[in-house]
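See below for the structure under consideration.
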Amino acid sequence: MQYREFGRTGWQVSEVSFGAWAIGGSWGNVSEADAMTALHKAIDMGINFIDTADVYGDGRSERLIARLKRERPDDDIIVATKAGRRLNPHVAEGYTKENLTRFVERSLQNLDTEALDLVQLHCPPTPVYYMPEVFGALDDLVQAGKIKYYGVSVEKVEEALKAIEYPNVQSVQIIFNMLRHRPAGLFFDEARKRKVGILARVPLASGLLTGKMKRETTFAEDDHRHFNRHGAAFDVGETFSGIDYETGLAAVEEIRALLPDGATMAQFALRWILMFDAVTCAIPGAKNTQQVEDNVHAADLPALSAETMRKITDIYDRYAREQVHHRW
């Protein structure tokens, strides 16, 4: 495992880390035993950064991670969580100091800790980024010792650019993968200048980029890939990166032709992300130890050639750009 500097925090985090949405919910059933085995395998393989949220399984994901930390007291495990999506309705006006404090207190209890390592606003409505009082409330929580650092998780590049104008934003979590290229432009340049950490989320495009899906693949009713294909529950960009499923399958088949010898499609997709030095880490999810191992070994692949990078850009331009580039 290789490690990269996380913004201005002083942390060195595993460049392939662990996204804990899948072990919380909305990805079909994952037993507690499988979730814990996957988490332990991740730490065994050098992962030291886990990303979760208070709404993943209504706190289940956070509580599983708390159990992991109790069972691994000698390991230095950095945990990032998120706050805001518990609001109902999820509106900008709900991002008050009182609500954020309440959410943080609940996460402190779920994670069984005295201070949260990193709290990220959880894809808030765009107007929140124009509300300095929200970031002032986060500053107050840092001063109170409730959180160590804070960042944001965003849907859009424009939101990311606005967020990093606030001086104490340490990180931005954004969808970035072979089917979502736009962050690598202006945003990466600005984040690099400000030493802001970048967490590449949805790195496998909800599994599309594993190459294991087919036109006839079906998903459980409680899996967002079944119920959110058209944005019925949350932003459609969270599911298959917002690309039409069959278009995505066609793009993946062309990407498959570029696969390096000995690599899986998932590893190839993650290695592509790691070619960008502005990225701190990719945070693929994993439901079991096999997926953890597959993800982690992406860090072992040699650098991709300039020709391979150019060909992936060409595939993006032909299949994905029109659908996603200017939307997010």
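Identifiers in this document derive from the order of the structure tokens: chains are assigned A, B, ..., residues are numbered from 1 separately in each chain, and ligands are numbered from 1 in order of occurrence.
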
Next item on the list: Using DSSP on the backbone coordinates, identify the residues of stretch 215-300 of chain A assigned to strand (DSSP E or B); present them as a ChimeraX atom specification.
Entry: /A:223,281-282,285

Please produce, as a tab-separated table, a per-residue contact table for stretch 138-252 of chain A versus stretch 40-63 of chain A (criterion: any atom at most 10 Å away, only C-alpha atoms considered), showing the nearest atom pair and its distance in Å to one decimal, sorted by chain then residue number.
```
residue	atom	partner	partner_atom	distance
A:Gln173	CA	A:Asp51	CA	9.9
A:Leu199	CA	A:Asp51	CA	9.3
A:Arg201	CA	A:Asp51	CA	9.6
```

Notebook entry, point to check: Near stretch 14-16 of chain A, counting only C-alpha atoms, which residues have an atom at most 12 Å away, once you skip same-chain residues fewer than 6 positions from it, shown as JSON, numbers by chain?
Noted result: {"A": [1, 2, 3, 4, 5, 6, 42, 43, 45, 46, 47, 48, 49, 50, 51, 76, 77, 78, 197, 198, 199, 200, 201, 203, 266, 267, 269, 270, 271, 272, 273, 274, 275, 276, 277, 278, 279, 280, 281, 282, 283, 284, 285, 286, 292, 293, 294, 295, 296, 297, 298, 299, 300]}

Sorted per-residue table, stretch 153-180 of chain A near stretch 246-254 of chain A, closest atoms and distance, 12 Å, only C-alpha atoms, as a tab-separated table:
```
residue	atom	partner	partner_atom	distance
A:Met178	CA	A:Val252	CA	9.3
A:Leu179	CA	A:Gly248	CA	8.0
A:Arg180	CA	A:Gly248	CA	11.3
```

Note to self: Quick check, in Å to one decimal: how far apart do atom CA of A:Asp317 and atom CA of A:Ala263 lie?
What the structure shows: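 Going from atom CA of A:Asp317 over to atom CA of A:Ala263 covers 24.0 Å.
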
Checklist line | Polymer residues at most 7 Å from A:Met265, only C-alpha atoms, same-chain spacing of 4 or more positions, as a PyMOL selection string | finding: chain A and resi 209-211+256+259+269

Just C-alpha atoms for this one: save the residues we selected as a PDB file, in the first residue's frame.
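Wrote it out as part.pdb, contents follow:
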```pdb
ATOM      1  CA  LEU A 209     -16.507  -0.354 -13.995  1.00  0.00           C
ATOM      2  CA  THR A 210     -15.969  -3.787 -12.461  1.00  0.00           C
ATOM      3  CA  GLY A 211     -17.002  -5.168 -15.834  1.00  0.00           C
ATOM      4  CA  ARG A 256     -12.032  -3.711 -21.246  1.00  0.00           C
ATOM      5  CA  LEU A 259      -7.029  -3.887 -19.628  1.00  0.00           C
ATOM      6  CA  ALA A 269     -10.435   1.706 -12.896  1.00  0.00           C
TER       7      ALA A 269
END
```

Next item on the list: Name the closest residue to A:Cys123 among the candidates A:Tyr149, A:Tyr319, A:Trp11, A:Phe234; distances are taken between atoms, counting only C-alpha atoms.
Entry: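 Closest to A:Cys123 of all the choices is A:Phe234.
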
Considering only C-alpha atoms, give me a table of residues in stretch 52-116 of chain A that are at most 9 Å from stretch 130-144 of chain A, with the closest atom pair and distance in Å for each, as a Markdown table.
```
| residue | atom | partner | partner_atom | distance |
| --- | --- | --- | --- | --- |
| A:Ala92 | CA | A:Met131 | CA | 8.8 |
| A:Tyr95 | CA | A:Val134 | CA | 6.4 |
| A:Thr96 | CA | A:Val134 | CA | 6.5 |
| A:Lys97 | CA | A:Ala137 | CA | 5.2 |
| A:Glu98 | CA | A:Ala137 | CA | 8.7 |
| A:Leu100 | CA | A:Ala137 | CA | 7.7 |
| A:Thr101 | CA | A:Leu141 | CA | 7.3 |
| A:Val104 | CA | A:Leu141 | CA | 8.7 |
```

Checklist line | helix (DSSP H, G or I) residues, from DSSP on the backbone, in stretch 66-261 of chain A, as a count of residues only | finding: 88

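Of the residues listed (A:Ala38, A:Met309, A:Ala80, A:Val324), A:Val324 shows the shortest atom-to-atom separation from A:Ile175; distances use only C-alpha atoms.
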